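Structure data (mmCIF, C-alpha atoms and all ligand atoms) from work12.cif:
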data_upload
loop_
_atom_site.label_atom_id
_atom_site.label_comp_id
_atom_site.auth_asym_id
_atom_site.auth_seq_id
_atom_site.Cartn_x
_atom_site.Cartn_y
_atom_site.Cartn_z
CA MET A 612 80.64 98.17 113.47
CA SER A 613 81.39 94.57 114.39
CA TRP A 614 84.21 92.54 112.87
CA ASP A 615 81.57 90.64 110.79
CA ASP A 616 80.19 93.56 108.87
CA LYS A 617 83.39 95.51 108.46
CA GLY A 618 83.52 97.61 105.34
CA GLY A 619 86.25 99.67 103.81
CA LYS A 620 89.39 98.72 102.00
CA ILE A 621 92.56 96.80 102.72
CA TRP A 622 95.80 97.49 100.87
CA MET A 623 97.24 94.28 99.41
CA ASN A 624 100.49 94.28 97.42
CA GLY A 625 99.89 97.67 95.87
CA GLU A 626 96.13 97.54 95.37
CA PHE A 627 93.12 98.36 97.46
CA VAL A 628 90.65 95.50 97.86
CA ASP A 629 87.34 95.33 99.69
CA TRP A 630 87.65 94.25 103.32
CA LYS A 631 85.72 91.04 102.56
CA GLU A 632 87.76 90.23 99.47
CA ALA A 633 91.15 90.43 101.19
CA ASN A 634 91.45 86.63 101.35
CA ILE A 635 94.18 84.02 100.87
CA HIS A 636 94.22 80.30 100.00
CA VAL A 637 94.17 77.80 102.90
CA LEU A 638 97.33 76.23 101.52
CA SER A 639 99.27 79.49 101.82
CA HIS A 640 102.57 78.91 103.57
CA VAL A 641 101.67 81.26 106.42
CA VAL A 642 98.62 79.20 107.38
CA HIS A 643 100.69 76.08 107.97
CA TYR A 644 103.96 77.39 109.34
CA GLY A 645 103.17 80.86 110.70
CA THR A 646 105.39 82.54 108.13
CA SER A 647 104.52 86.16 108.84
CA VAL A 648 105.91 89.35 110.31
CA PHE A 649 103.75 92.29 111.28
CA GLU A 650 103.43 95.68 112.89
CA GLY A 651 100.96 97.40 115.16
CA ILE A 652 100.81 101.18 114.81
CA ARG A 653 98.41 103.79 116.14
CA CYS A 654 97.11 106.93 114.51
CA TYR A 655 95.84 109.59 116.92
CA LYS A 656 93.44 112.41 116.21
CA ASN A 657 94.36 115.62 118.02
CA PRO A 658 93.80 119.35 117.37
CA ASN A 659 96.70 119.37 114.88
CA GLY A 660 95.16 116.61 112.75
CA SER A 661 95.57 112.82 112.56
CA GLY A 662 99.09 111.82 113.48
CA ILE A 663 100.62 108.37 113.02
CA PHE A 664 102.90 107.54 115.93
CA ARG A 665 106.49 106.83 114.86
CA LEU A 666 105.53 105.62 111.40
CA GLU A 667 109.09 105.48 110.12
CA GLU A 668 110.33 103.35 113.01
CA HIS A 669 107.45 100.90 112.59
CA VAL A 670 108.09 100.56 108.86
CA ASP A 671 111.79 100.05 109.60
CA ARG A 672 110.95 97.31 112.08
CA LEU A 673 108.66 95.58 109.56
CA PHE A 674 111.52 95.49 107.06
CA ASP A 675 113.95 94.31 109.76
CA SER A 676 111.62 91.48 110.78
CA ALA A 677 111.21 90.50 107.12
CA LYS A 678 114.98 90.55 106.60
CA ILE A 679 115.56 88.14 109.48
CA TYR A 680 113.13 85.69 107.84
CA ARG A 681 114.47 86.22 104.30
CA MET A 682 111.29 87.81 103.05
CA GLU A 683 112.00 90.47 100.49
CA ILE A 684 109.29 93.11 100.47
CA PRO A 685 109.02 94.30 96.85
CA PHE A 686 108.31 97.91 97.87
CA GLU A 687 110.41 100.77 99.14
CA LYS A 688 109.91 101.73 102.78
CA GLU A 689 108.49 105.04 101.62
CA GLU A 690 105.90 103.25 99.48
CA ILE A 691 104.75 101.22 102.48
CA ALA A 692 104.60 104.37 104.63
CA ASN A 693 102.55 106.10 101.93
CA ALA A 694 100.29 103.07 101.56
CA ILE A 695 99.62 103.20 105.31
CA LYS A 696 98.63 106.86 105.07
CA GLU A 697 96.44 106.23 102.03
CA THR A 698 94.69 103.29 103.70
CA ILE A 699 93.71 105.48 106.65
CA THR A 700 92.52 108.30 104.39
CA LEU A 701 90.57 105.97 102.13
CA ASN A 702 88.83 104.39 105.11
CA LYS A 703 87.98 107.85 106.46
CA LEU A 704 89.37 107.11 109.91
CA GLU A 705 90.77 109.85 112.10
CA SER A 706 92.20 107.67 114.84
CA CYS A 707 92.83 104.00 114.36
CA TYR A 708 95.03 100.98 114.84
CA ILE A 709 97.12 100.04 111.81
CA ARG A 710 98.14 96.46 111.06
CA PRO A 711 100.68 95.92 108.28
CA VAL A 712 101.54 92.26 107.75
CA THR A 713 104.01 90.55 105.41
CA PHE A 714 103.69 86.81 104.84
CA ARG A 715 104.54 83.92 102.53
CA GLY A 716 101.63 83.00 100.30
CA TYR A 717 100.46 80.16 98.06
CA LYS A 718 102.88 78.24 95.90
CA GLU A 719 104.02 75.06 97.65
CA LEU A 720 104.16 73.56 101.13
CA GLY A 721 107.08 72.12 103.06
CA VAL A 722 109.22 73.97 105.56
CA ASN A 723 111.26 75.89 103.00
CA SER A 724 109.23 78.96 102.08
CA LEU A 725 111.79 80.66 99.87
CA ASN A 726 109.81 79.98 96.68
CA CYS A 727 106.48 81.21 98.04
CA PRO A 728 105.34 84.73 97.14
CA VAL A 729 105.80 87.50 99.68
CA ILE A 730 102.55 89.34 100.26
CA THR A 731 102.11 92.56 102.23
CA ALA A 732 98.75 93.82 103.44
CA ILE A 733 97.69 96.84 105.48
CA ALA A 734 94.44 97.00 107.40
CA VAL A 735 93.14 99.75 109.69
CA TRP A 736 90.36 99.74 112.26
CA GLU A 737 89.30 101.41 115.47
CA TRP A 738 90.80 99.77 118.56
CA GLY A 739 90.23 101.20 122.04
CA ALA A 740 92.17 100.56 125.24
CA TYR A 741 93.91 97.17 124.90
CA LEU A 742 93.46 96.00 128.49
CA GLY A 743 90.15 97.83 129.05
CA ASP A 744 89.28 101.50 129.64
CA GLU A 745 89.68 101.25 133.40
CA ALA A 746 93.14 99.75 133.07
CA LEU A 747 94.87 102.93 131.97
CA LYS A 748 93.94 104.57 135.25
CA LYS A 749 93.49 101.79 137.76
CA GLY A 750 96.05 99.31 136.53
CA VAL A 751 95.95 95.59 135.82
CA ASP A 752 96.59 92.40 137.79
CA ILE A 753 99.21 90.19 136.24
CA GLY A 754 100.80 86.83 136.97
CA VAL A 755 104.10 85.27 136.03
CA SER A 756 103.47 82.61 133.42
CA SER A 757 104.82 79.09 133.55
CA TRP A 758 105.61 79.60 129.85
CA ARG A 759 109.00 81.19 129.24
CA ARG A 760 109.75 83.75 126.55
CA LEU A 761 111.61 82.49 123.49
CA ALA A 762 115.25 81.61 124.15
CA PRO A 763 117.57 83.65 121.91
CA ASP A 764 118.67 80.63 119.88
CA THR A 765 115.12 79.40 119.25
CA MET A 766 113.10 82.23 117.71
CA PRO A 767 114.55 85.73 117.30
CA SER A 768 112.57 88.12 119.45
CA MET A 769 113.77 91.19 117.56
CA ALA A 770 111.57 89.97 114.71
CA LYS A 771 107.92 90.77 115.29
CA ALA A 772 106.87 87.45 113.80
CA GLY A 773 103.36 86.04 113.88
CA ALA A 774 104.68 82.69 115.09
CA ASN A 775 106.16 84.29 118.24
CA TYR A 776 102.59 84.91 119.31
CA MET A 777 101.88 81.20 119.73
CA ASN A 778 104.13 81.52 122.76
CA SER A 779 102.28 84.69 123.78
CA GLN A 780 98.95 82.93 123.42
CA LEU A 781 99.92 80.11 125.78
CA ALA A 782 100.86 82.70 128.40
CA LYS A 783 97.70 84.74 127.76
CA PHE A 784 95.41 81.68 128.06
CA GLU A 785 97.07 80.70 131.31
CA SER A 786 96.69 84.22 132.70
CA ILE A 787 92.99 84.25 131.85
CA GLU A 788 92.49 80.81 133.44
CA ASN A 789 94.20 82.06 136.57
CA GLY A 790 92.07 85.20 136.75
CA PHE A 791 94.75 87.70 135.74
CA ASP A 792 94.41 90.46 133.16
CA GLU A 793 97.75 89.70 131.57
CA ALA A 794 100.81 87.47 131.83
CA ILE A 795 104.41 88.31 132.36
CA MET A 796 106.87 85.85 130.89
CA LEU A 797 110.36 85.18 132.18
CA ASP A 798 113.26 84.87 129.79
CA TYR A 799 115.22 81.63 129.23
CA GLN A 800 117.38 82.36 132.28
CA GLY A 801 114.45 83.11 134.56
CA PHE A 802 114.71 86.90 134.50
CA ILE A 803 111.71 89.11 133.74
CA GLY A 804 110.97 89.32 130.02
CA GLU A 805 107.76 90.88 128.78
CA GLY A 806 103.99 90.56 128.64
CA SER A 807 102.16 88.65 125.89
CA GLY A 808 102.00 91.92 123.92
CA GLU A 809 103.76 94.54 126.03
CA ASN A 810 107.16 95.56 127.39
CA ILE A 811 107.45 96.08 131.14
CA PHE A 812 109.00 98.78 133.35
CA LEU A 813 109.62 98.76 137.13
CA VAL A 814 110.13 101.81 139.31
CA LYS A 815 112.16 101.51 142.51
CA ASP A 816 113.37 104.51 144.51
CA ASP A 817 112.77 106.78 141.49
CA VAL A 818 115.04 104.67 139.26
CA ILE A 819 113.35 103.03 136.29
CA HIS A 820 114.31 99.50 135.27
CA THR A 821 113.37 97.58 132.14
CA PRO A 822 114.63 94.23 130.82
CA ALA A 823 117.47 94.52 128.33
CA LEU A 824 117.01 93.24 124.78
CA SER A 825 119.07 90.20 125.82
CA SER A 826 116.03 89.10 127.89
CA SER A 827 114.24 88.04 124.66
CA VAL A 828 111.97 91.05 124.53
CA LEU A 829 110.62 92.85 121.50
CA LYS A 830 112.49 96.07 120.75
CA GLY A 831 109.34 97.99 121.51
CA ILE A 832 108.84 101.37 119.92
CA THR A 833 106.76 102.55 122.88
CA ARG A 834 109.52 101.19 125.14
CA ASP A 835 112.01 103.36 123.30
CA SER A 836 109.69 106.39 123.51
CA ILE A 837 109.16 105.92 127.24
CA ILE A 838 112.93 105.65 127.83
CA SER A 839 113.34 109.04 126.05
CA ILE A 840 110.48 110.63 128.00
CA ALA A 841 111.78 109.26 131.32
CA ASN A 842 115.32 110.46 130.63
CA ASP A 843 114.04 113.90 129.69
CA LEU A 844 111.97 114.04 132.87
CA GLY A 845 115.23 113.47 134.76
CA PHE A 846 114.82 109.80 135.67
CA LYS A 847 117.62 107.31 135.47
CA VAL A 848 116.63 104.37 133.26
CA LYS A 849 118.47 101.06 133.52
CA GLU A 850 118.18 98.32 130.90
CA GLU A 851 119.28 95.15 132.66
CA SER A 852 118.44 91.62 133.83
CA ILE A 853 115.67 91.83 136.40
CA PRO A 854 114.93 89.04 138.87
CA ARG A 855 111.27 88.13 139.39
CA GLU A 856 111.17 89.20 143.03
CA MET A 857 112.24 92.70 142.07
CA ALA A 858 108.75 93.06 140.62
CA TYR A 859 107.20 92.18 143.98
CA LEU A 860 109.34 94.82 145.67
CA ALA A 861 108.89 97.56 143.05
CA ASP A 862 107.22 100.83 144.01
CA GLU A 863 105.46 100.93 140.65
CA ILE A 864 105.19 98.82 137.50
CA PHE A 865 103.78 99.64 134.10
CA PHE A 866 103.41 98.03 130.69
CA THR A 867 104.13 99.76 127.39
CA GLY A 868 103.03 98.90 123.87
CA THR A 869 101.29 100.33 120.84
CA ALA A 870 98.02 98.66 121.79
CA ALA A 871 98.52 98.87 125.59
CA GLU A 872 100.03 102.40 125.45
CA VAL A 873 101.16 103.00 129.07
CA THR A 874 99.18 100.73 131.39
CA PRO A 875 99.92 100.58 135.14
CA VAL A 876 100.23 97.22 136.90
CA ARG A 877 98.73 97.03 140.38
CA SER A 878 99.63 93.47 141.37
CA VAL A 879 101.96 90.66 140.36
CA ASP A 880 101.17 87.08 141.44
CA ARG A 881 98.50 88.62 143.72
CA ILE A 882 101.15 90.63 145.55
CA THR A 883 100.19 94.31 145.66
CA ILE A 884 102.68 96.63 144.01
CA GLY A 885 103.36 99.80 145.97
CA SER A 886 100.06 101.33 147.03
CA GLY A 887 98.08 99.17 144.57
CA GLU A 888 97.23 102.20 142.46
CA ARG A 889 98.86 104.02 139.60
CA GLY A 890 102.04 105.46 141.11
CA PRO A 891 103.31 109.03 140.72
CA VAL A 892 106.19 108.19 138.35
CA THR A 893 103.90 106.12 136.13
CA GLU A 894 101.38 108.94 136.10
CA LYS A 895 104.00 111.53 135.18
CA ILE A 896 105.33 109.45 132.30
CA GLN A 897 101.86 108.39 131.16
CA THR A 898 100.67 112.02 131.19
CA GLU A 899 103.66 113.17 129.17
CA PHE A 900 103.10 110.36 126.64
CA PHE A 901 99.38 111.13 126.27
CA ASN A 902 100.03 114.88 126.12
CA ILE A 903 102.31 114.36 123.14
CA ILE A 904 99.89 112.13 121.25
CA LYS A 905 96.92 114.32 122.13
CA GLY A 906 98.80 117.38 120.86
CA LYS A 907 98.71 119.07 124.28
CA THR A 908 102.50 119.25 124.53
CA GLU A 909 104.84 120.14 121.71
CA ASP A 910 105.95 117.02 119.87
CA LYS A 911 109.62 117.81 120.35
CA TYR A 912 110.65 114.33 119.31
CA ASN A 913 108.78 114.58 116.01
CA TRP A 914 106.98 111.34 116.72
CA LEU A 915 103.74 112.14 114.96
CA CYS A 916 103.48 111.97 111.19
CA TYR A 917 100.33 113.89 110.25
CA LEU A 918 98.04 112.90 107.40
CA ASP A 919 97.53 115.71 104.97
CA TYR A 920 93.85 116.42 105.36
N1 LIG B 1 106.29 92.98 123.33
C1 LIG B 1 105.42 92.22 122.61
C2 LIG B 1 105.47 90.76 122.72
C3 LIG B 1 104.50 92.88 121.77
O1 LIG B 1 103.68 92.15 121.05
C4 LIG B 1 104.47 94.29 121.71
C5 LIG B 1 103.49 95.00 120.83
C6 LIG B 1 105.39 95.02 122.50
C7 LIG B 1 106.28 94.32 123.29
C8 LIG B 1 105.45 96.51 122.45
O2 LIG B 1 106.00 96.96 121.24
P1 LIG B 1 105.62 98.37 120.61
O3 LIG B 1 104.20 98.27 120.16
O4 LIG B 1 106.57 98.55 119.50
O5 LIG B 1 105.78 99.39 121.67
N2 LIG B 1 102.29 94.29 120.58
C9 LIG B 1 101.46 94.66 119.45
C10 LIG B 1 100.43 93.59 119.16
C11 LIG B 1 99.41 93.37 120.19
C12 LIG B 1 98.35 92.41 119.75
O6 LIG B 1 97.58 91.96 120.60
O7 LIG B 1 98.25 92.12 118.54
C13 LIG B 1 100.85 96.03 119.63
O8 LIG B 1 100.84 96.57 120.73
O9 LIG B 1 100.38 96.59 118.63
#
Show me this structure written as C-alpha cells.
Ligand code: PPE
Amino acid sequence: MSWDDKGGKIWMNGEFVDWKEANIHVLSHVVHYGTSVFEGIRCYKNPNGSGIFRLEEHVDRLFDSAKIYRMEIPFEKEEIANAIKETITLNKLESCYIRPVTFRGYKELGVNSLNCPVITAIAVWEWGAYLGDEALKKGVDIGVSSWRRLAPDTMPSMAKAGANYMNSQLAKFESIENGFDEAIMLDYQGFIGEGSGENIFLVKDDVIHTPALSSSVLKGITRDSIISIANDLGFKVKEESIPREMAYLADEIFFTGTAAEVTPVRSVDRITIGSGERGPVTEKIQTEFFNIIKGKTEDKYNWLCYLDY
C-alpha cells in the first residue's frame, strides 16, 4: 500500500480516527514553529507473538521530551502505552513502525505556544530497512557533514523534538548531494556526534567507543540496548569525546537506531573502514540484537512487550 491510499486508523487524543481524517489546521502552532516531540518505536513479529521493543522507555522519552518543552500530555504514561498497543491491534499489523507525536495545535500564533492545545497522535505502518536492505549486511558509505549538531545551549538534544530534524535534514541533503548514504555530524566542539537519525559506535582493538551524551546526541534507546549487549558479550564500552580521525582509523563502525537498527558503516569520507565489510564485532552484536527481537535468544532484558493476541 502506498502512502497515498493508506487505510486504517490513527489514535488522536484518545480517539481513533480514519487515516485520511487525521488532519490539523494550517495555522496550528507546530506548522509554523516546529513545536513537536515524537518517538519512533518498532514492533517485531517473532514466534512468541508481536513484541514492541522497549515500549516503556520510548513512552518515558516522549514524556521527557514534552516536559523539556513545557507540553503537558493529558494522559498517563500507561494510557499512551495502551493506546500504542491498541493502534497496532486495530490496524491488524504484526510488525510495524510506531510513530507517537505530541505537538501544539491551533489556537493562536506567535512564539509563545503555552496557550495552544497539546495534541498527541499515534500512527503505525510497515517500514523496512531504513538505509536499504543491503545496508544491514554490506554497510553504508557516510560523510562528515559541514553542518554541526546542535550546540547544548541552542536546542536540547535529549528532547526528540521535530525541530531538531531541520538540522538533520540539512546534513542528510548534503550527504545525498555528495553521493553518501548518510551523514555524520560533529558536535559543537568538533567531536563526532551522530547521524541524521542514528547514534554511532566505533570499534578499535576490540574496545567499543561511542560519543557521550555531552556530544549533543540523542539518548538513543537502541544505543542503550547495544551498550548492554556489548557489555554482556564481554566488550569494554567507552562513552567519550571522539575525534573525527578516530573514525578513519577504526577497525569497524556501525550505526544504531530504531529505524536503522544496527547498520554497519563501510567508509567515512571515502576512506575505507577496516576491511570495508561488516566487521566481526559488529556482526556479533548485530546478531545478538536480531536474535533477541526475532525471539531466537531468550529476551533476558525483558525488552519486548508482547501484544495479547
Ligand atoms: N539520533 C537521532 C538524531 C535519531 O533521530 C535517532 C532515532 C537516534 C539517534 C537513535 O535513537 P533510538 O531510536 O532511540 O535508538 N531516529 C528515529 C527517527 C528516524 C526518522 O527518519 O524519522 C528512529 O530511528 O525511529
| task | Grab me every residue within 8 Å of ligand LIG 1 (chain B), counting all atoms listed in the file, and send it over as number ranges by chain. | result | A: 650-653, 669, 708, 710, 741, 771, 775-776, 779, 805-810, 828-835, 867-872
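Compared by their closest atoms to Glu793 in chain A, and using all atoms listed in the file, the residues A:Leu720, A:Val879, A:Val814, A:Ile853 rank with A:Val879 nearest.
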| task | Would you mind telling me which residue in A:Glu745, A:Glu850, A:Glu690, A:Glu697 lies nearest to Ile709 in chain A when using only C-alpha atoms? | result |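 With only C-alpha atoms as the atom set, the closest residue is A:Glu697.
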| field | All residues 7 Å or closer to Tyr917 in chain A, all atoms listed in the file, same chain fewer than 6 positions away omitted, as a count of residues only | value | 4
| note | Among A:Val637, A:Ala677, A:Ile864, A:Ile699, Asp752 in chain A is approached most closely, using all atoms listed in the file, by A:Ile864
| field | Shell around Met796 in chain A at 9 Å using only C-alpha atoms, local window under 6 positions removed, as a PyMOL selection string | value | chain A and resi 754-760+779+782+802-807
Could you save those same residues with C-alpha atoms as a CSV table (one decimal), keeping the file's coordinate frame?
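result_22.csv written:
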chain,number,residue,atom,x,y,z
A,754,GLY,CA,100.8,86.8,137.0
A,755,VAL,CA,104.1,85.3,136.0
A,756,SER,CA,103.5,82.6,133.4
A,757,SER,CA,104.8,79.1,133.6
A,758,TRP,CA,105.6,79.6,129.8
A,759,ARG,CA,109.0,81.2,129.2
A,760,ARG,CA,109.8,83.8,126.6
A,779,SER,CA,102.3,84.7,123.8
A,782,ALA,CA,100.9,82.7,128.4
A,802,PHE,CA,114.7,86.9,134.5
A,803,ILE,CA,111.7,89.1,133.7
A,804,GLY,CA,111.0,89.3,130.0
A,805,GLU,CA,107.8,90.9,128.8
A,806,GLY,CA,104.0,90.6,128.6
A,807,SER,CA,102.2,88.6,125.9
| said: Counting all atoms listed in the file, which residue out of A:Phe900, A:Ser706, A:Gly721, A:Ser768 sits closest to Glu737 in chain A? | reply: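 The answer is A:Ser706, which sits nearest to Glu737 in chain A.
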| field | Which residue of A:Glu689, A:Phe664, A:Leu742, A:Ile684 approaches Asp910 in chain A most closely, using all atoms listed in the file | value | A:Phe664
